[in-house]
Structure formats: structure tokens, C-alpha cells
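Trainee: Let me give you the structure first, and then I'll get to my questions.
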Amino acid sequence: MPTALITGITGQDGSYLAEFLLSKGYRVIGMTRRASTTHYERIEHLLDTITLAQGDLADQGSLLAILEEYQPDEVYNLAAQSFVPTSWHQPALTGEVTALGVTRLLEAIRYINPKIRFYQASSSEMFGKVLEVPQRETTPFYPRSPYGVAKVYGHYITVNYRESFNIFAVSGILFNHESPRRGLEFVTRKISDGVARIKLGLAKELRLGNLEAQRDWGFAGDYVEAMWLMLQQDQPDNFVIGTGETHSVREFCEIAFEYVGLDYRDYVVVDQRFYRPAEVDLLIADPTKAHQALGWEPRVSFRQLVQMMVEADLKRLSQARHA
């Protein structure tokens with residue numbers, strides 16, 4: 001039974017990855033930070049089948065201790081300060097965790113067991129003000145937020161440890177991936193939750209920022225399989241993961257409201273407060289390399305994703321109302 005360590009297991013991707021690895025027969029260790037209150041709602045159904053270990057990407061000693069105790073075969077680094085707007089309010093913290101945290105984890109692997117296979121969650125936000133459309137593994141980076149800058153550091157330090165110390169370290173450059181488990185602060189979930197609230201009579205409007213921003217959106221459950229496939233290859237490499245399609249925030253609203261029989265134009269209010277200081281206008285993946293080398297393909301379409309998220313929020317809010 002192989003052992004995998006997942007940092008950020010309480011997040012959207014961590015929960016889906018844990019489910020996927022358990023289905024493959026893995027022993028799953030999830031790293032969580034010590035806190036006075038716990039936020040395990042995404043992994044509550046898994047608590048009997050996984051092991052949680054306390055650790056923090058800001059604390060080198062805790063990383064060494066976890067690797068020493070559990071001796072994982074694979075490490076998936078999904079932990080980060082991952083909400084882009086927050087990275088402007090807390091840029092130093094974002095760098096500390098999202099950038100330097102990667103170095104600490106790689107150093108721990110180098111020290112404890114350089115044979116561990118390492119996955120780094122890189123991001124399409126590294127492309128930022130895109131220099132090429134669509135974006136592929138060789139597209140230059142031009143990040144437009146402290147989060148994007150921190151992810152570029154994490155990406156290159158992963159490549160550096162791979163080339164300097166012969167560590168099997170891969171970087172998955174994942175484009176936007178969503179699900180009903182997405183945090184409510186993210187625009188996609190803000191829309192699906194807002195649509196459900198309006199449909200159920202709990203809200204009258206939905207305030208959003210730039211409706212013309214375009215993203216390559218896929219389903220998080222599909223994307224975690226790509227992470228695993230990267231670590232099963234003969235040689236470590238970087239891969240862009242996305243659908244190869246782009247859709248606007250406006251289109252997301254249109255499909256979401258349409259699903260419950262409403263017109264988004266009657267409810268969506270554009271609010272300048274939600275615009276970014278430096279906007280990323282168009283992100284679209286070229287996932288050709290992943291298709292060819294990994295045999296990976298997304299299964300859930302954009303429309304299916306939007307409808308799945310709205311349906312889940314309708315169910316959640318209806319149950320809460322009748323509880």
C-alpha cells in the first residue's frame with residue numbers, strides 16, 4: 001500500500017485528491033495546521049479512512065517530523081494562501097506560505113528521503129498578462145498579483161530541486177478548476193450560491209466585479225487525476241492542465257441563472273469594489289502535452305459544471321432552511 005501526504009487536504013482539491021487516492025488503495029496522510037477551531041467539512045466523510053497530522057508550511061521542523069514519521073512515497077503540495085484578492089492585502093504572508101513553503105517542503109524531502117515523488121500545485125495565474133494564446137508549458141510568465149508571483153517562485157524552485165538534486169518533482173500548471181466544494185469567496189461559487197439564494201427568495205441581487213474576464217474552467221474532480229498521473233510517469237516534467245475552452249464570468253452567470261429559469265440581467269449588479277488592481281483578462285490552456293503524455297482528458301463540460309454547482313447550492317440552502 002503506497003502512502004501519500006497531502007498538504008492542504010481540507011481544501012477543495014485536497015478533498016477530491018484524498019478520495020481519488022483512497023480509491024487507488026493508498027494510505028492517505030493529510031497535513032493540517034493547528035487551530036482552535038477545525039474546518040473539516042470537505043473531508044468529514046473521510047475522517048475514518050485518512051490520517052491527519054499537524055504541520056505547517058511556515059515551520060520547517062514540522063515538515064521534517066511528518067516525513068520522518070509517515071515515510072510517504074508521494075507528496076502533493078496543495079497548501080497555499082490561494083485567494084488572489086487576499087494576496088494584495090497579505091502579500092508577505094502569501095509569499096511566506098505559497099512561495100517559501102515549497103522550498104521548506106522540498107528541503108525536508110531532500111533531507112529525509114530524496115526518493116519521494118513530489119507534486120507542486122502551480123497555477124495559470126502565473127501567466128497573468130498573457131504573452132501567448134493559448135498558454136502552454138513554454139509560455140513565459142507575467143504574473144499580475146502577489147499570489148501569481150509567489151506561485152512562479154514555487155514553480156521554479158520545484159524545477160530547480162529536480163535539476164539540482166535529481167528529485168522526482170513535477171509541477172502541474174492547473175487552470176481554474178471549480179466544484180460544489182469551492183470556497184464561497186471565489187467568483188464561481190459566489191455565483192452558484194447567489195443564484196440559489198435568489199431562486200429560494202433569500203436574496204434579491206448578486207454583486208460581481210468584471211463580467212468580461214475570461215477563464216478556462218474545469219471540474220476539480222477531473223483535475224486531481226492529472227496530479228496523480230504526473231507522479232506515475234518515468235520522468236518528472238511540467239504539465240498544463242485545462243479544458244482548452246474559455247468562458248466569461250458573464251457566460252457563467254447566464255447558464256447559472258438560466259438553470260433555475262431566471263435572467264441574470266435582472267439580478268446581477270456590477271460593483272467596482274470587486275475589480276482587481278491588475279486584472280487578468282484571458283486565460284486559456286493548451287493541454288496537448290497532458291493529453292499525449294498522460295492520456296488525461298477532462299470529463300465534465302463547462303455547462304455541466306455550472307449546473308452541478310447551482311444544484312448543490314440549491315440543495316444545501318433548501319436543507320438548511322428546513323432544518
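If you're wondering about the labels, chains in the C-alpha cells are A, B, ... by order shown, residues count from 1 in each chain, ligands from 1 in order shown.
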Please return as a short mmCIF file (atom, residue, chain, number, x, y, z; two decimals) with N, CA, C and O atoms, in the first residue's frame: the residues of segment 91-275 of chain A that backbone DSSP assigns to strand (DSSP E).
Mentor:
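What landed in result_20.cif:
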data_model
loop_
_atom_site.label_atom_id
_atom_site.label_comp_id
_atom_site.auth_asym_id
_atom_site.auth_seq_id
_atom_site.Cartn_x
_atom_site.Cartn_y
_atom_site.Cartn_z
N ARG A 117 8.38 11.17 -4.37
CA ARG A 117 7.90 11.88 -5.57
C ARG A 117 7.05 13.07 -5.12
O ARG A 117 6.15 12.92 -4.28
N PHE A 118 7.31 14.23 -5.70
CA PHE A 118 6.73 15.50 -5.22
C PHE A 118 5.91 16.17 -6.31
O PHE A 118 6.38 16.37 -7.44
N TYR A 119 4.68 16.54 -5.95
CA TYR A 119 3.82 17.30 -6.86
C TYR A 119 3.62 18.70 -6.32
O TYR A 119 3.19 18.89 -5.18
N GLN A 120 3.91 19.71 -7.15
CA GLN A 120 3.68 21.10 -6.79
C GLN A 120 2.48 21.65 -7.56
O GLN A 120 2.42 21.56 -8.78
N ALA A 121 1.54 22.21 -6.81
CA ALA A 121 0.35 22.81 -7.44
C ALA A 121 0.69 24.20 -7.95
O ALA A 121 0.64 25.18 -7.20
N SER A 122 1.06 24.28 -9.21
CA SER A 122 1.27 25.58 -9.84
C SER A 122 -0.06 26.09 -10.38
O SER A 122 -1.08 25.40 -10.30
N SER A 123 -0.06 27.28 -10.95
CA SER A 123 -1.33 27.92 -11.28
C SER A 123 -1.27 28.70 -12.59
O SER A 123 -0.23 29.29 -12.93
N ALA A 169 10.34 15.70 -9.01
CA ALA A 169 9.47 16.83 -8.65
C ALA A 169 8.77 17.32 -9.91
O ALA A 169 9.43 17.67 -10.90
N VAL A 170 7.44 17.32 -9.88
CA VAL A 170 6.67 17.77 -11.03
C VAL A 170 5.86 19.01 -10.66
O VAL A 170 5.54 19.24 -9.49
N SER A 171 5.54 19.79 -11.68
CA SER A 171 4.74 20.99 -11.47
C SER A 171 3.53 20.93 -12.38
O SER A 171 3.66 20.85 -13.60
N GLY A 172 2.34 20.92 -11.77
CA GLY A 172 1.11 20.92 -12.54
C GLY A 172 0.56 22.33 -12.63
O GLY A 172 0.16 22.91 -11.62
N ILE A 173 0.58 22.89 -13.84
CA ILE A 173 0.08 24.25 -14.03
C ILE A 173 -1.41 24.14 -14.33
O ILE A 173 -1.83 24.01 -15.48
N LEU A 174 -2.21 24.17 -13.26
CA LEU A 174 -3.64 23.95 -13.40
C LEU A 174 -4.39 25.24 -13.65
O LEU A 174 -4.17 26.24 -12.95
N HIS A 177 -10.20 25.46 -11.72
CA HIS A 177 -11.00 24.25 -11.56
C HIS A 177 -11.91 24.44 -10.36
O HIS A 177 -11.47 24.84 -9.30
N GLU A 178 -13.17 24.14 -10.58
CA GLU A 178 -14.23 24.50 -9.63
C GLU A 178 -15.03 23.26 -9.24
O GLU A 178 -14.86 22.20 -9.84
N LEU A 206 -27.16 39.99 -6.99
CA LEU A 206 -25.83 39.38 -6.90
C LEU A 206 -24.82 40.41 -7.40
O LEU A 206 -24.88 40.84 -8.56
N ARG A 207 -23.92 40.86 -6.52
CA ARG A 207 -22.95 41.89 -6.87
C ARG A 207 -21.63 41.24 -7.27
O ARG A 207 -21.05 40.45 -6.52
N LEU A 208 -21.15 41.58 -8.47
CA LEU A 208 -19.93 40.98 -9.03
C LEU A 208 -19.03 42.07 -9.60
O LEU A 208 -19.45 43.20 -9.80
N GLN A 214 -12.23 36.36 -18.68
CA GLN A 214 -12.41 35.03 -19.27
C GLN A 214 -11.44 34.02 -18.65
O GLN A 214 -10.28 34.32 -18.44
N ARG A 215 -11.98 32.85 -18.38
CA ARG A 215 -11.17 31.79 -17.77
C ARG A 215 -11.44 30.45 -18.44
O ARG A 215 -12.46 30.25 -19.08
N GLY A 218 -12.65 24.16 -15.41
CA GLY A 218 -12.95 22.73 -15.43
C GLY A 218 -13.38 22.25 -14.07
O GLY A 218 -13.48 23.04 -13.12
N PHE A 219 -13.64 20.94 -13.95
CA PHE A 219 -14.11 20.34 -12.71
C PHE A 219 -12.93 19.81 -11.89
O PHE A 219 -12.13 19.01 -12.38
N ASN A 238 6.80 19.17 -16.29
CA ASN A 238 5.74 20.14 -16.02
C ASN A 238 4.61 19.93 -17.01
O ASN A 238 4.85 19.64 -18.19
N PHE A 239 3.37 20.10 -16.54
CA PHE A 239 2.21 19.91 -17.41
C PHE A 239 1.17 21.00 -17.18
O PHE A 239 0.85 21.31 -16.04
N VAL A 240 0.64 21.52 -18.29
CA VAL A 240 -0.51 22.43 -18.24
C VAL A 240 -1.77 21.57 -18.25
O VAL A 240 -1.91 20.67 -19.09
N ILE A 241 -2.67 21.85 -17.30
CA ILE A 241 -3.93 21.11 -17.22
C ILE A 241 -5.10 22.09 -17.34
O ILE A 241 -5.22 23.03 -16.55
N HIS A 247 -14.40 30.80 -21.17
CA HIS A 247 -15.74 31.31 -20.95
C HIS A 247 -15.64 32.54 -20.05
O HIS A 247 -14.77 32.63 -19.20
N SER A 248 -16.57 33.48 -20.23
CA SER A 248 -16.55 34.70 -19.43
C SER A 248 -17.37 34.53 -18.16
O SER A 248 -18.21 33.62 -18.06
N VAL A 268 -27.97 40.67 -11.57
CA VAL A 268 -26.53 40.91 -11.40
C VAL A 268 -26.23 42.41 -11.41
O VAL A 268 -26.66 43.13 -12.32
N VAL A 269 -25.50 42.86 -10.39
CA VAL A 269 -25.09 44.27 -10.29
C VAL A 269 -23.57 44.31 -10.34
O VAL A 269 -22.90 43.63 -9.55
N VAL A 270 -23.02 45.08 -11.27
CA VAL A 270 -21.56 45.23 -11.36
C VAL A 270 -21.10 46.22 -10.31
O VAL A 270 -21.61 47.34 -10.24
#
Trainee: Could you give me, as a list in words, the residues within 8 Å of segment 124-128 of chain A, counting only C-alpha atoms and dropping anything in the same chain fewer than 4 positions from it?
Mentor: Gln135, Thr139, Pro140, Phe141, Tyr142, Pro143, Arg144, Ser145, Tyr147, Gly148, Val149, Lys151, Val152, Ile173, Leu174, Phe175, Asn176, Val280 and Leu283 of chain A
Trainee: Report as a CSV table (one decimal) with C-alpha atoms, in the first residue's frame all protein, DNA and RNA residues lying within 6 Å of segment 185-195 of chain A, evaluated on only C-alpha atoms, omitting residues in the same chain fewer than 6 positions from it.
Mentor:
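Full text of around00.csv as output:
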chain,number,residue,atom,x,y,z
A,206,LEU,CA,-25.8,39.4,-6.9
A,309,MET,CA,-22.6,23.8,-8.6
A,310,VAL,CA,-26.0,25.5,-8.7
A,313,ASP,CA,-26.1,25.1,-3.5
Trainee: Excluding Lys24 of chain A and any residue of its chain fewer than 4 positions from it, enumerate the residues within 10 Å of it, using only C-alpha atoms, and give them as an mmCIF file with all heavy atoms, in the first residue's frame.
Mentor:
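The result, stored in result19.cif:
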data_model
loop_
_atom_site.group_PDB
_atom_site.id
_atom_site.type_symbol
_atom_site.label_atom_id
_atom_site.label_comp_id
_atom_site.auth_asym_id
_atom_site.auth_seq_id
_atom_site.Cartn_x
_atom_site.Cartn_y
_atom_site.Cartn_z
ATOM 1 N N MET A 1 0.852 -1.196 0.000
ATOM 2 C CA MET A 1 0.000 0.000 0.000
ATOM 3 C C MET A 1 0.886 1.245 0.000
ATOM 4 O O MET A 1 1.587 1.508 0.965
ATOM 5 C CB MET A 1 -0.895 0.006 1.254
ATOM 6 C CG MET A 1 -1.795 1.219 1.340
ATOM 7 S SD MET A 1 -2.658 1.378 2.927
ATOM 8 C CE MET A 1 -3.881 0.095 2.784
ATOM 9 N N PRO A 2 0.861 2.033 -1.103
ATOM 10 C CA PRO A 2 1.662 3.254 -1.110
ATOM 11 C C PRO A 2 1.076 4.298 -0.159
ATOM 12 O O PRO A 2 -0.128 4.291 0.123
ATOM 13 C CB PRO A 2 1.584 3.734 -2.561
ATOM 14 C CG PRO A 2 0.361 3.098 -3.123
ATOM 15 C CD PRO A 2 0.126 1.829 -2.360
ATOM 16 N N ALA A 18 -7.819 13.192 -2.016
ATOM 17 C CA ALA A 18 -7.863 12.155 -0.982
ATOM 18 C C ALA A 18 -8.822 11.039 -1.395
ATOM 19 O O ALA A 18 -8.497 9.845 -1.290
ATOM 20 C CB ALA A 18 -8.277 12.756 0.357
ATOM 21 N N GLU A 19 -10.003 11.408 -1.882
ATOM 22 C CA GLU A 19 -10.973 10.405 -2.348
ATOM 23 C C GLU A 19 -10.377 9.562 -3.473
ATOM 24 O O GLU A 19 -10.503 8.328 -3.475
ATOM 25 C CB GLU A 19 -12.241 11.099 -2.872
ATOM 26 C CG GLU A 19 -13.120 11.686 -1.788
ATOM 27 C CD GLU A 19 -14.265 12.513 -2.343
ATOM 28 O OE1 GLU A 19 -14.316 12.749 -3.575
ATOM 29 O OE2 GLU A 19 -15.104 12.954 -1.547
ATOM 30 N N PHE A 20 -9.724 10.234 -4.418
ATOM 31 C CA PHE A 20 -9.150 9.533 -5.569
ATOM 32 C C PHE A 20 -8.059 8.551 -5.134
ATOM 33 O O PHE A 20 -8.039 7.397 -5.569
ATOM 34 C CB PHE A 20 -8.585 10.561 -6.563
ATOM 35 C CG PHE A 20 -7.941 9.930 -7.769
ATOM 36 C CD1 PHE A 20 -8.711 9.522 -8.844
ATOM 37 C CD2 PHE A 20 -6.572 9.736 -7.825
ATOM 38 C CE1 PHE A 20 -8.123 8.927 -9.955
ATOM 39 C CE2 PHE A 20 -5.972 9.146 -8.924
ATOM 40 C CZ PHE A 20 -6.756 8.741 -10.003
#
Trainee: I'd like the interatomic distance between atom CA of Trp296 of chain A and atom CA of Glu245 of chain A, to a tenth of an Å.
Mentor: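 Atom CA of Glu245 of chain A lies 15.6 Å from atom CA of Trp296 of chain A.
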Trainee: Please identify which residues in segment 166-247 of chain A DSSP calls alpha helix (DSSP H) from the backbone, and express them as a list in words.
Mentor: Val187, Thr188, Arg189, Lys190, Ile191, Ser192, Asp193, Gly194, Val195, Ala196, Arg197, Ile198, Lys199, Ala220, Gly221, Asp222, Tyr223, Val224, Glu225, Ala226, Met227, Trp228, Leu229, Met230 and Leu231 of chain A
Trainee: Need the shell around Val28 of chain A: protein/DNA/RNA residues with any atom at most 7 Å away, counting only C-alpha atoms. Skip same-chain ones fewer than 4 positions apart. Format as a PyMOL selection string?
Mentor: chain A and resi 3-5+18+22+50-51
Trainee: Arg34 of chain A: which residues within 9 Å, counting only C-alpha atoms, same-chain residues fewer than 2 positions away excluded, as a list in words?
Mentor: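 Close residues of Arg34 of chain A: Thr32, Ser36, Thr37, Thr38, Gln54, Gly55 and Asp56 of chain A.
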Trainee: Convert the current residue selection to file output with all heavy atoms, as a compact mmCIF listing (two decimals), in the first residue's frame.
Mentor:
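Saved file part10.txt follows:
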# COMPACT_ATOMS: atom_id res chain seq x y z
N THR A 32 -2.53 19.20 8.39
CA THR A 32 -3.39 20.32 8.76
C THR A 32 -2.67 21.20 9.77
O THR A 32 -1.84 20.73 10.54
CB THR A 32 -4.72 19.83 9.40
OG1 THR A 32 -4.42 19.08 10.58
CG2 THR A 32 -5.51 18.97 8.43
N SER A 36 -7.62 26.62 16.78
CA SER A 36 -8.54 26.42 17.90
C SER A 36 -9.89 25.89 17.42
O SER A 36 -10.62 25.26 18.17
CB SER A 36 -8.74 27.72 18.68
OG SER A 36 -9.20 28.73 17.81
N THR A 37 -10.21 26.16 16.16
CA THR A 37 -11.41 25.58 15.57
C THR A 37 -11.01 24.81 14.32
O THR A 37 -10.06 25.19 13.63
CB THR A 37 -12.44 26.66 15.17
OG1 THR A 37 -11.79 27.60 14.30
CG2 THR A 37 -12.97 27.39 16.38
N THR A 38 -11.71 23.74 14.00
CA THR A 38 -11.36 22.92 12.84
C THR A 38 -12.33 23.18 11.69
O THR A 38 -13.51 23.46 11.91
CB THR A 38 -11.38 21.42 13.21
OG1 THR A 38 -12.68 21.10 13.74
CG2 THR A 38 -10.31 21.11 14.24
N GLN A 54 -0.47 17.13 12.21
CA GLN A 54 -0.29 18.58 12.34
C GLN A 54 1.05 19.02 11.76
O GLN A 54 2.10 18.44 12.04
CB GLN A 54 -0.37 18.98 13.81
CG GLN A 54 -1.81 19.13 14.28
CD GLN A 54 -1.90 19.69 15.68
OE1 GLN A 54 -0.94 20.28 16.19
NE2 GLN A 54 -3.04 19.52 16.31
N GLY A 55 0.98 20.05 10.95
CA GLY A 55 2.19 20.61 10.35
C GLY A 55 1.86 21.92 9.69
O GLY A 55 0.69 22.28 9.54
N ASP A 56 2.89 22.66 9.31
CA ASP A 56 2.68 23.98 8.72
C ASP A 56 3.81 24.27 7.74
O ASP A 56 4.98 24.04 8.06
CB ASP A 56 2.67 25.04 9.84
CG ASP A 56 2.07 26.36 9.39
OD1 ASP A 56 2.46 26.84 8.30
OD2 ASP A 56 1.23 26.91 10.11
Trainee: Between A:Ala203, A:Leu229, A:Leu305, A:Val260, which one has atoms that come closest to His291 of chain A, using only C-alpha atoms?
Mentor: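 Of the candidates, the smallest distance to His291 of chain A is held by A:Leu229.
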Trainee: So, counting only C-alpha atoms, which residue among A:Ala99, A:Ala108, A:Leu93, A:Leu200 is closest to Leu78 of chain A?
Mentor: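 Checking each of A:Ala99, A:Ala108, A:Leu93, A:Leu200 against Leu78 of chain A, counting only C-alpha atoms, the winner is A:Ala99.
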Trainee: Have a look at atom CA of Gly183 of chain A and atom CA of Gln12 of chain A and let me know their distance in Å, one decimal.
Mentor: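 One can read the atom CA of Gly183 of chain A to atom CA of Gln12 of chain A distance as 7.7 Å.
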Trainee: Grab the atom CA of Ala58 of chain A to atom CA of Tyr70 of chain A distance for me, in Å with one decimal place.
Mentor: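 Interatomic distance here is 19.4 Å.
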